[in-house]
>>> print(open('entry25.cif').read())   # mmCIF, C-alpha atoms
data_query
#
loop_
_atom_site.label_atom_id
_atom_site.label_comp_id
_atom_site.auth_asym_id
_atom_site.auth_seq_id
_atom_site.Cartn_x
_atom_site.Cartn_y
_atom_site.Cartn_z
CA MET A 1 55.54 -12.54 -41.65
CA ASN A 2 56.83 -12.66 -38.07
CA GLU A 3 55.82 -10.23 -35.32
CA ASN A 4 58.90 -8.01 -35.73
CA ASP A 5 58.40 -7.63 -39.48
CA LEU A 6 54.74 -6.92 -38.91
CA GLU A 7 55.53 -4.18 -36.38
CA ARG A 8 58.21 -2.70 -38.66
CA LEU A 9 55.77 -2.51 -41.57
CA LEU A 10 53.11 -1.08 -39.27
CA LYS A 11 55.52 1.66 -38.19
CA LYS A 12 56.25 2.49 -41.84
CA ALA A 13 52.51 2.70 -42.53
CA ILE A 14 51.65 4.79 -39.48
CA PHE A 15 54.51 7.20 -40.07
CA SER A 16 53.99 7.48 -43.82
CA GLU A 17 52.68 10.55 -45.63
CA ASN A 18 49.15 9.09 -45.45
CA GLY A 19 49.32 7.78 -41.88
CA PRO A 20 46.85 8.66 -39.12
CA ASP A 21 47.27 11.75 -36.91
CA PRO A 22 48.92 11.08 -33.56
CA SER A 23 46.78 11.53 -30.47
CA GLU A 24 47.39 14.28 -27.91
CA GLU A 25 48.67 11.62 -25.47
CA GLU A 26 51.30 10.40 -27.96
CA ILE A 27 52.54 13.94 -28.53
CA GLU A 28 52.68 14.63 -24.81
CA ALA A 29 54.57 11.38 -24.21
CA CYS A 30 57.12 12.50 -26.77
CA LEU A 31 57.46 15.95 -25.18
CA ARG A 32 57.73 14.51 -21.70
CA SER A 33 60.34 11.89 -22.64
CA ASP A 34 63.49 12.40 -20.61
CA HIS A 35 65.95 12.41 -23.51
CA GLU A 36 68.83 14.75 -23.05
CA ASP A 37 68.59 17.95 -25.04
CA THR A 38 71.27 18.61 -27.63
CA PRO A 39 72.05 22.35 -27.56
CA GLU A 40 73.80 22.08 -30.96
CA THR A 41 70.55 20.93 -32.59
CA ILE A 42 68.62 23.78 -30.96
CA ALA A 43 71.23 26.33 -32.12
CA ARG A 44 71.22 25.01 -35.73
CA VAL A 45 67.41 25.01 -35.95
CA LYS A 46 67.14 28.51 -34.45
CA LYS A 47 69.71 29.76 -36.99
CA ARG A 48 67.82 28.22 -39.91
CA PHE A 49 64.57 29.68 -38.54
CA VAL A 50 66.02 33.21 -38.58
CA GLU A 51 67.49 32.69 -42.08
CA LYS A 52 64.11 31.47 -43.33
CA MET A 53 62.28 34.44 -41.78
CA PHE A 54 64.50 36.86 -43.73
CA LEU A 55 64.23 34.69 -46.87
CA GLU A 56 60.44 35.00 -46.66
CA ILE A 57 60.63 38.80 -46.89
CA SER A 58 63.55 38.93 -49.38
CA PRO A 59 63.91 35.79 -51.53
CA ASN A 60 66.76 37.52 -53.41
CA PRO A 61 69.52 39.63 -51.82
CA LEU A 62 68.50 43.29 -51.81
CA ARG A 63 70.53 45.54 -54.11
CA SER A 64 68.92 48.85 -53.19
CA ALA A 65 67.01 50.53 -50.38
CA ALA A 66 64.08 52.89 -50.86
CA ASP A 67 65.73 55.78 -49.07
CA ASN A 68 69.12 57.03 -47.98
CA ILE A 69 69.49 55.02 -44.83
CA THR A 70 72.37 54.08 -42.56
CA PHE A 71 73.59 50.49 -42.09
CA GLY A 72 72.21 50.41 -38.53
CA ASP A 73 68.77 51.75 -39.43
CA PHE A 74 68.58 49.28 -42.30
CA LEU A 75 69.35 46.34 -39.99
CA GLU A 76 66.74 47.48 -37.50
CA SER A 77 64.03 48.02 -40.12
CA ARG A 78 64.64 44.61 -41.73
CA ARG A 79 64.64 42.88 -38.36
CA ASP A 80 61.34 44.59 -37.48
CA CYS A 81 59.95 43.65 -40.86
CA ALA A 82 60.86 40.00 -40.23
CA GLY A 83 59.25 40.22 -36.76
CA LEU A 84 62.42 39.11 -35.00
CA GLN A 85 64.09 40.15 -31.78
CA LYS A 86 67.74 41.14 -31.39
CA ALA A 87 68.38 38.03 -29.31
CA GLU A 88 67.10 35.74 -32.09
CA VAL A 89 69.25 37.47 -34.69
CA SER A 90 72.34 37.39 -32.45
CA THR A 91 71.86 33.63 -31.91
CA ALA A 92 71.66 33.07 -35.66
CA LEU A 93 74.80 35.12 -36.25
CA GLY A 94 76.69 33.66 -33.30
CA ILE A 95 77.49 37.14 -31.97
CA ALA A 96 76.61 38.99 -28.77
CA GLU A 97 73.22 40.70 -28.59
CA THR A 98 75.06 43.86 -27.48
CA LEU A 99 76.93 43.92 -30.82
CA VAL A 100 73.64 43.69 -32.75
CA ASP A 101 72.32 46.55 -30.62
CA ALA A 102 75.48 48.64 -31.13
CA LEU A 103 75.43 48.05 -34.90
CA GLU A 104 71.75 49.00 -35.15
CA LYS A 105 72.17 52.15 -33.07
CA GLY A 106 75.30 53.13 -34.98
CA ARG A 107 77.51 53.06 -31.88
CA THR A 108 79.65 50.46 -33.65
CA PRO A 109 80.24 51.41 -37.30
CA PRO A 110 80.28 48.38 -39.64
CA TRP A 111 83.84 49.11 -40.84
CA THR A 112 85.15 48.45 -37.34
CA VAL A 113 83.77 44.90 -37.48
CA SER A 114 85.55 41.94 -39.05
CA PRO A 115 84.55 41.23 -42.70
CA ASN A 116 83.50 37.65 -41.89
CA VAL A 117 80.94 38.89 -39.33
CA ILE A 118 79.59 41.46 -41.81
CA ALA A 119 79.47 38.77 -44.53
CA ASP A 120 77.30 36.64 -42.21
CA ILE A 121 75.07 39.63 -41.50
CA MET A 122 74.76 40.22 -45.26
CA HIS A 123 73.80 36.57 -45.76
CA VAL A 124 71.21 36.48 -42.97
CA PHE A 125 69.73 39.93 -43.70
CA ARG A 126 69.83 39.35 -47.50
CA ILE A 127 72.04 42.35 -48.33
CA HIS A 128 73.86 42.43 -51.69
CA PHE A 129 77.31 44.02 -51.74
CA ASP A 130 75.99 46.86 -53.99
CA LEU A 131 73.52 47.84 -51.27
CA LEU A 132 76.02 47.33 -48.47
CA LYS A 133 78.37 49.88 -50.10
CA ARG A 134 75.59 52.50 -50.16
CA LEU A 135 74.59 51.78 -46.56
CA VAL A 136 78.18 52.04 -45.38
CA GLU A 137 78.76 55.28 -47.33
CA THR A 138 75.65 56.82 -45.76
CA SER A 139 76.73 55.64 -42.31
CA ALA A 140 80.18 57.17 -42.87
CA ALA A 141 78.65 60.49 -44.04
CA VAL A 142 76.54 60.87 -40.90
CA GLY A 143 79.11 59.25 -38.58
CA GLN A 144 80.83 62.56 -37.97
CA LEU A 145 77.73 63.69 -36.09
CA ARG A 146 78.13 61.13 -33.33
CA GLY A 147 78.29 62.84 -29.96
CA ILE A 148 76.27 65.85 -31.03
CA GLY A 149 73.00 64.28 -29.85
CA PRO A 150 73.68 64.47 -26.09
CA VAL A 151 74.87 68.09 -26.48
CA LEU A 152 71.69 69.10 -28.32
CA ALA A 153 69.49 67.16 -25.90
CA ARG A 154 71.08 69.00 -22.97
CA SER A 155 70.80 72.39 -24.71
CA LYS A 156 67.00 72.00 -24.74
CA GLY A 157 67.05 71.84 -20.94
CA GLY A 158 65.68 69.17 -18.62
CA LYS A 159 67.38 66.12 -17.20
CA MET A 160 70.00 64.58 -19.47
CA THR A 161 69.84 60.80 -19.79
CA SER A 162 71.82 58.53 -22.11
CA GLU A 163 68.50 57.39 -23.58
CA ARG A 164 67.53 60.98 -24.35
CA GLY A 165 70.92 61.74 -25.90
CA ASP A 166 70.79 58.51 -27.89
CA SER A 167 67.35 59.16 -29.35
CA THR A 168 68.33 62.74 -30.25
CA SER A 169 71.43 61.39 -32.00
CA ARG A 170 69.40 58.84 -33.93
CA ALA A 171 66.80 61.39 -35.02
CA LEU A 172 69.60 63.68 -36.23
CA GLU A 173 71.36 60.82 -38.02
CA ARG A 174 68.17 59.90 -39.83
CA PHE A 175 67.65 63.52 -40.87
CA PHE A 176 71.22 63.82 -42.17
CA ALA A 177 71.11 60.40 -43.82
CA ARG A 178 68.09 61.49 -45.87
CA ASN A 179 69.49 64.89 -46.72
CA ALA A 180 73.24 64.33 -46.92
CA SER A 181 74.75 64.89 -50.32
CA ARG A 182 76.89 62.00 -51.54
CA THR A 183 80.51 62.44 -50.53
CA GLU A 184 83.58 60.38 -51.27
CA PRO A 185 84.03 57.69 -48.61
CA SER A 186 87.07 57.98 -46.36
CA GLU A 187 90.22 55.98 -46.97
CA GLU A 188 89.44 53.79 -43.97
CA THR A 189 85.95 52.94 -45.28
CA THR A 190 87.23 52.32 -48.82
CA LEU A 191 89.95 49.96 -47.57
CA TRP A 192 87.48 48.07 -45.42
CA LEU A 193 85.01 47.72 -48.33
CA THR A 194 87.83 46.38 -50.52
CA SER A 195 88.80 43.78 -47.91
CA LEU A 196 85.14 42.78 -47.50
CA GLU A 197 84.73 42.42 -51.26
CA SER A 198 87.91 40.28 -51.44
CA TYR A 199 86.65 38.14 -48.57
CA LEU A 200 83.31 37.55 -50.31
CA ARG A 201 85.07 36.65 -53.58
CA GLU A 202 87.53 34.32 -51.85
CA GLU A 203 84.68 32.60 -50.05
CA SER A 204 82.39 32.56 -53.08
CA GLU A 205 82.45 28.75 -53.06
CA ASN A 206 80.38 29.10 -49.91
CA GLN A 207 76.81 29.07 -51.25
CA ASN A 208 75.81 31.57 -48.55
CA TYR A 209 78.05 34.27 -50.02
CA LYS A 210 77.88 33.44 -53.74
CA GLU A 211 74.69 35.41 -54.34
CA LEU A 212 75.90 38.46 -52.38
CA ILE A 213 78.54 39.67 -54.84
CA MET B 1 73.91 27.90 -28.39
CA SER B 2 71.06 26.88 -26.15
CA ASN B 3 70.58 29.26 -23.25
CA GLY B 4 68.71 26.87 -20.99
CA ASN B 5 65.37 28.62 -21.47
CA ARG B 6 63.48 25.33 -21.67
CA ILE B 7 60.14 25.23 -19.84
CA SER B 8 57.94 22.28 -18.87
CA ILE B 9 55.18 21.02 -21.15
CA ASP B 10 52.56 22.09 -18.59
CA GLU B 11 53.96 25.61 -18.50
CA LEU B 12 54.12 25.68 -22.31
CA ASN B 13 50.41 24.83 -22.49
CA SER B 14 49.35 27.22 -19.71
CA GLU B 15 47.09 30.16 -20.50
CA ALA B 16 49.64 32.62 -19.09
CA PHE B 17 52.43 31.36 -21.34
CA VAL B 18 50.23 31.18 -24.45
CA LYS B 19 49.25 34.81 -23.81
CA ARG B 20 52.93 35.83 -23.58
CA ALA B 21 53.90 33.79 -26.63
CA LYS B 22 51.06 35.21 -28.74
CA SER B 23 52.29 38.74 -28.12
CA PHE B 24 55.98 37.72 -28.42
CA ASP B 25 56.49 39.07 -24.94
CA GLY B 26 60.13 39.09 -23.77
CA ASN B 27 61.82 35.75 -24.37
CA ALA B 28 58.56 33.74 -24.67
CA PHE B 29 59.19 32.67 -28.27
CA ASP B 30 62.74 31.66 -27.38
CA GLN B 31 61.42 29.56 -24.48
CA LEU B 32 58.99 27.92 -26.89
CA CYS B 33 61.85 27.15 -29.32
CA GLU B 34 64.07 25.74 -26.58
CA SER B 35 61.26 23.47 -25.37
CA ILE B 36 60.05 21.98 -28.62
CA ILE B 37 62.97 21.86 -31.09
CA ASN B 38 64.61 18.71 -29.72
CA PRO B 39 61.36 16.70 -29.28
CA ILE B 40 60.27 17.59 -32.83
CA VAL B 41 63.62 16.68 -34.41
CA ARG B 42 63.72 13.40 -32.42
CA TYR B 43 60.14 12.51 -33.34
CA LEU B 44 60.63 13.15 -37.07
CA HIS B 45 63.97 11.34 -37.12
CA PHE B 46 63.03 8.24 -35.15
CA GLN B 47 59.37 7.78 -36.10
CA TYR B 48 59.26 9.09 -39.68
CA GLU B 49 62.84 7.91 -40.31
CA ILE B 50 63.77 11.29 -41.81
CA SER B 51 67.49 12.15 -41.63
CA GLU B 52 68.49 14.46 -38.76
CA ALA B 53 69.50 17.23 -41.18
CA ASP B 54 66.12 17.11 -42.95
CA ALA B 55 64.28 16.85 -39.62
CA GLU B 56 66.07 20.04 -38.48
CA GLU B 57 65.05 21.78 -41.70
CA ILE B 58 61.40 20.75 -41.15
CA ALA B 59 61.63 21.94 -37.52
CA ALA B 60 62.90 25.36 -38.74
CA ASP B 61 60.03 25.56 -41.26
CA THR B 62 57.65 24.68 -38.42
CA LEU B 63 58.96 27.59 -36.34
CA VAL B 64 58.42 29.98 -39.27
CA LYS B 65 54.79 28.82 -39.57
CA VAL B 66 54.29 28.96 -35.80
CA HIS B 67 55.76 32.48 -35.65
CA LYS B 68 53.31 33.66 -38.32
CA ALA B 69 50.20 31.92 -37.00
CA LEU B 70 50.82 32.21 -33.24
CA PRO B 71 48.90 35.52 -32.79
CA ARG B 72 45.81 33.73 -34.18
CA PHE B 73 46.17 30.63 -31.96
CA ASP B 74 42.93 30.16 -30.01
CA PHE B 75 43.66 28.99 -26.46
CA ASN B 76 39.97 28.30 -25.88
CA GLY B 77 39.65 26.34 -29.11
CA GLY B 78 40.49 23.09 -27.33
CA ALA B 79 43.89 22.26 -28.85
CA LYS B 80 46.97 22.50 -26.67
CA LEU B 81 49.79 24.71 -27.93
CA SER B 82 52.21 21.73 -28.00
CA THR B 83 49.77 19.57 -30.01
CA TRP B 84 49.13 22.43 -32.43
CA ILE B 85 52.89 22.90 -33.02
CA PHE B 86 53.49 19.16 -33.39
CA LYS B 87 50.72 18.84 -35.96
CA ILE B 88 52.33 21.61 -38.02
CA ALA B 89 55.62 19.69 -37.84
CA ILE B 90 53.95 16.40 -38.81
CA ASN B 91 52.25 18.03 -41.80
CA GLY B 92 55.67 19.35 -42.79
CA ALA B 93 57.11 15.83 -42.51
CA ARG B 94 54.31 14.40 -44.66
CA ASP B 95 54.84 17.07 -47.33
CA PHE B 96 58.56 16.26 -47.26
CA LEU B 97 57.87 12.52 -47.73
CA ARG B 98 55.49 13.26 -50.62
CA GLN B 99 58.10 15.47 -52.30
CA GLN B 100 60.73 12.77 -51.78
CA LYS B 101 58.45 10.18 -53.37
CA ALA B 102 57.67 12.50 -56.29
CA ALA B 103 61.42 13.15 -56.81
CA LYS B 104 62.07 9.40 -56.82
CA GLY B 105 59.39 9.05 -59.50
CA LYS B 106 61.48 11.09 -61.96
CA PRO B 107 63.35 8.94 -64.50
CA ASP B 108 66.85 8.32 -63.17
CA LEU B 109 68.50 5.36 -64.91
CA VAL B 110 70.54 2.81 -62.95
CA GLU B 111 72.08 -0.59 -63.78
CA LEU B 112 70.14 -3.37 -62.03
CA ASP B 113 70.97 -7.05 -61.58
CA THR B 114 67.57 -8.77 -61.67
CA GLY B 115 69.01 -12.26 -61.12
CA SER B 116 68.67 -13.22 -64.79
CA GLY B 117 71.18 -10.73 -66.17
CA SER B 118 71.54 -7.01 -65.74
CA ARG B 119 69.28 -4.39 -67.31
CA THR B 120 68.95 -0.62 -67.21
CA VAL B 121 65.86 0.60 -65.40
CA ASP B 122 64.94 3.85 -63.70
CA ARG B 123 65.82 4.15 -60.01
CA ALA B 124 62.16 4.03 -58.89
CA ALA B 125 61.69 0.67 -60.61
CA ALA B 126 64.96 -0.57 -59.13
CA ALA B 127 63.61 0.16 -55.67
CA THR B 128 60.86 -2.41 -56.22
CA TRP B 129 63.42 -5.26 -56.61
CA SER B 130 64.77 -6.90 -53.51
CA ASN B 131 68.41 -7.99 -53.15
CA ASP B 132 67.67 -11.54 -54.28
CA GLY B 133 66.20 -10.29 -57.57
CA HIS B 134 62.56 -10.72 -56.58
CA ARG B 135 60.08 -7.93 -57.00
CA SER B 136 59.09 -6.33 -53.70
CA ASP B 137 56.85 -3.31 -54.00
CA SER B 138 57.53 -1.62 -50.65
CA SER B 139 55.11 1.29 -51.15
CA GLY B 140 52.40 -1.25 -52.09
CA LYS B 141 53.10 -3.20 -48.89
CA VAL B 142 52.89 -0.02 -46.81
CA ALA B 143 49.60 0.95 -48.46
CA ALA B 144 48.18 -2.56 -47.83
CA MET B 145 49.28 -2.34 -44.18
CA LEU B 146 47.65 1.07 -43.82
CA ARG B 147 44.38 -0.29 -45.23
CA ALA B 148 44.60 -3.28 -42.86
CA PHE B 149 45.26 -0.94 -39.91
CA GLU B 150 42.32 1.28 -40.83
CA SER B 151 40.00 -1.76 -41.02
CA LEU B 152 40.59 -2.48 -37.30
CA THR B 153 38.45 -1.16 -34.46
CA ALA B 154 39.36 2.20 -32.89
CA GLU B 155 40.49 0.36 -29.74
CA ASP B 156 42.91 -1.86 -31.70
CA GLN B 157 44.22 1.12 -33.68
CA ASP B 158 44.83 3.06 -30.45
CA ILE B 159 46.93 0.38 -28.74
CA LEU B 160 48.94 -0.36 -31.91
CA ARG B 161 49.66 3.31 -32.49
CA GLN B 162 50.40 4.12 -28.86
CA LYS B 163 52.83 1.20 -28.67
CA GLN B 164 54.86 2.77 -31.49
CA CYS B 165 55.85 5.74 -29.32
CA MET B 166 55.19 4.70 -25.73
CA SER B 167 56.14 1.96 -23.31
CA TYR B 168 53.50 -0.27 -21.69
CA ARG B 169 54.11 1.65 -18.46
CA GLN B 170 53.38 5.02 -20.10
CA ILE B 171 50.22 3.70 -21.80
CA ALA B 172 49.08 2.07 -18.55
CA GLU B 173 49.35 5.44 -16.77
CA ILE B 174 47.21 7.14 -19.43
CA GLU B 175 44.65 4.35 -19.77
CA GLY B 176 44.50 3.59 -16.07
CA CYS B 177 44.90 -0.18 -16.46
CA SER B 178 47.55 -2.79 -15.74
CA GLU B 179 50.55 -3.41 -17.98
CA GLY B 180 49.57 -7.08 -18.22
CA ALA B 181 46.13 -6.25 -19.58
CA LEU B 182 47.75 -3.95 -22.13
CA ARG B 183 50.16 -6.67 -23.27
CA VAL B 184 47.23 -9.01 -23.92
CA ARG B 185 45.31 -6.26 -25.75
CA HIS B 186 48.36 -5.45 -27.87
CA THR B 187 49.04 -9.10 -28.79
CA ARG B 188 45.41 -9.61 -29.81
CA ALA B 189 45.38 -6.40 -31.86
CA LEU B 190 48.59 -7.50 -33.62
CA LYS B 191 47.00 -10.87 -34.47
CA ARG B 192 43.96 -9.14 -35.95
CA LEU B 193 46.25 -6.78 -37.88
CA LYS B 194 48.16 -9.74 -39.31
CA ASP B 195 44.93 -11.38 -40.47
CA ALA B 196 43.65 -8.14 -41.99
CA HIS B 197 46.99 -7.57 -43.74
CA GLU B 198 46.97 -11.08 -45.22
CA LYS B 199 43.46 -10.45 -46.52
CA GLU B 200 44.60 -7.17 -48.10
CA ILE B 201 47.49 -8.91 -49.84
CA CYS B 202 45.18 -11.66 -51.14
CA TYR B 203 42.83 -9.08 -52.65
CA GLU B 204 45.66 -7.45 -54.62
#
>>> encode(input="entry25.cif", output="structure tokens")
Amino acid sequence: MNENDLERLLKKAIFSENGPDPSEEEIEACLRSDHEDTPETIARVKKRFVEKMFLEISPNPLRSAADNITFGDFLESRRDCAGLQKAEVSTALGIAETLVDALEKGRTPPWTVSPNVIADIMHVFRIHFDLLKRLVETSAAVGQLRGIGPVLARSKGGKMTSERGDSTSRALERFFARNASRTEPSEETTLWLTSLESYLREESENQNYKELI
Amino acid sequence: MSNGNRISIDELNSEAFVKRAKSFDGNAFDQLCESIINPIVRYLHFQYEISEADAEEIAADTLVKVHKALPRFDFNGGAKLSTWIFKIAINGARDFLRQQKAAKGKPDLVELDTGSGSRTVDRAAAATWSNDGHRSDSSGKVAAMLRAFESLTAEDQDILRQKQCMSYRQIAEIEGCSEGALRVRHTRALKRLKDAHEKEICYE
């Protein structure tokens, strides 16, 4: 066996499942090596990390929620449950962090967002279409209240801030979400849900969406 | 996409950063991800010869484990944060290799030309035949090499292992000796490895 073959076999042995642990110096040398970073690799790994974090808490897509809850509140509670930040979720979804924030706070209703973005959110957050329909219906039922928060916050006196108005709105939305009686969804919401359902069925060859419908 | 949050290895291992990372303060976890994803994927791909796609999957699993265990990481325990993360990744790579080996062990019939006519054998058995029809048990050779390596002195093992991931210049900086002296040490260690490996093969 020549020197090259010997070294090749040694490498296989060292980096086999039973090989020795690398030393701290070897690890540092690897971290300090001046290879150029590939942002695409970082983005793909970060995306898979977020998907796996949600998979850990919901191995199967969720079909129901414990309470009447809006789409935005559901996203926020699942993200908290997974221990993730908005920035991490937005990277995984390839959307702006401000959109994640607006969806969570209910400033952007889901039916104003393109079905392919919502389908990705459903995939990452593990939301089955059955549950999504309920979340959207609840969001639509309490959506009419938007704008009432700042008025109520001001009526209690004190300095009005957007933060104060926002938190009043959210508290009211949560109250109405829990207590609202089920109403027929609007034509706009129904049409959007139909187009989302069609999109998921058309794309059902995509393994990410297959289990959502 | 990457947002250029990468920090230096020294900063990553600093007490201040570890404190921030442990409490998921601001973008600390993102900085950690940006700094270690590429080195981990490269290390698993080039050293363990795992495909890039699988190396990325192992790196993502590593981040999940790091995210869960980070609050319990003990800065005063002696291990550096980077070493701790790398060891999690390496354990992931070893588990992956074991699973791969176990999957290969499942009966999976293929047609094999053994040199004296073709026969149907399972894929694992086929892997032990070289192209010229001679039997070549590669996992046996690797195991014999590992035993030979482990029979060497700690000093020989160190130089042989270091040379797998570092240049003579890098090792010389760590060891504080000349590159020439290292070359001699490496050549001698290789010679002793060769002898030990031949002995291992003879015993089989």
>>> atom_distance(input="entry25.cif", atom1="CA of Thr112 (chain A)", atom2="CA of Trp192 (chain A)")
8.4 Å
>>> residues_around(input="entry25.cif", residues="region 60-65 of chain B", least_positions_apart="2", cutoff="9 Å", atoms="all atoms listed in the file", output="list of chain:residue names")
A:Arg44, A:Val45, A:Lys46, A:Lys47, A:Arg48, A:Phe49, A:Val50, A:Lys52, A:Met53, B:Cys33, B:Ile37, B:Ala55, B:Glu56, B:Glu57, B:Ile58, B:His67, B:Lys68, B:Ala69, B:Leu70, B:Ile85, B:Phe86, B:Ile88, B:Ala89, B:Gly92
>>> interface_residues(input="entry25.cif", of="chain A", to="chain B", cutoff="10 Å", atoms="all atoms listed in the file", output="JSON, numbers by chain")
{"A": [1, 2, 3, 6, 7, 8, 9, 10, 11, 12, 13, 14, 15, 16, 17, 18, 19, 20, 21, 22, 23, 24, 25, 26, 27, 28, 29, 30, 31, 32, 33, 34, 35, 36, 37, 38, 39, 40, 41, 42, 43, 44, 45, 46, 47, 48, 49, 50, 51, 52, 53, 56, 83, 84, 85, 87, 88, 91, 92, 94]}
>>> residues_around(input="entry25.cif", residues="region 72-75 of chain A", least_positions_apart="5", cutoff="8 Å", atoms="all atoms listed in the file", output="ChimeraX atom specification")
/A:103-106,125,135,139
>>> write_last_selection(input="entry25.cif", atoms="C-alpha atoms", output="tab-separated table (two decimals), in the frame of the given file")
chain	number	residue	atom	x	y	z
A	103	LEU	CA	75.43	48.05	-34.90
A	104	GLU	CA	71.75	49.00	-35.15
A	105	LYS	CA	72.17	52.15	-33.07
A	106	GLY	CA	75.30	53.13	-34.98
A	125	PHE	CA	69.73	39.93	-43.70
A	135	LEU	CA	74.59	51.78	-46.56
A	139	SER	CA	76.73	55.64	-42.31
>>> atom_distance(input="entry25.cif", atom1="CA of Asn60 (chain A)", atom2="CA of Arg134 (chain A)")
17.7 Å
>>> atom_distance(input="entry25.cif", atom1="CA of Pro59 (chain A)", atom2="CA of Arg126 (chain A)")
8.0 Å
>>> resolve_selection(input="entry25.cif", expression="the PyMOL selection byres ((chain A and resi 202-213) around 9)", output="number ranges by chain")
A: 60-62, 119-120, 122-124, 126-130, 197-201
>>> write_last_selection(input="entry25.cif", atoms="C-alpha atoms", output="CSV table (one decimal), keeping the file's coordinate frame")
chain,number,residue,atom,x,y,z
A,60,ASN,CA,66.8,37.5,-53.4
A,61,PRO,CA,69.5,39.6,-51.8
A,62,LEU,CA,68.5,43.3,-51.8
A,119,ALA,CA,79.5,38.8,-44.5
A,120,ASP,CA,77.3,36.6,-42.2
A,122,MET,CA,74.8,40.2,-45.3
A,123,HIS,CA,73.8,36.6,-45.8
A,124,VAL,CA,71.2,36.5,-43.0
A,126,ARG,CA,69.8,39.4,-47.5
A,127,ILE,CA,72.0,42.4,-48.3
A,128,HIS,CA,73.9,42.4,-51.7
A,129,PHE,CA,77.3,44.0,-51.7
A,130,ASP,CA,76.0,46.9,-54.0
A,197,GLU,CA,84.7,42.4,-51.3
A,198,SER,CA,87.9,40.3,-51.4
A,199,TYR,CA,86.6,38.1,-48.6
A,200,LEU,CA,83.3,37.6,-50.3
A,201,ARG,CA,85.1,36.6,-53.6
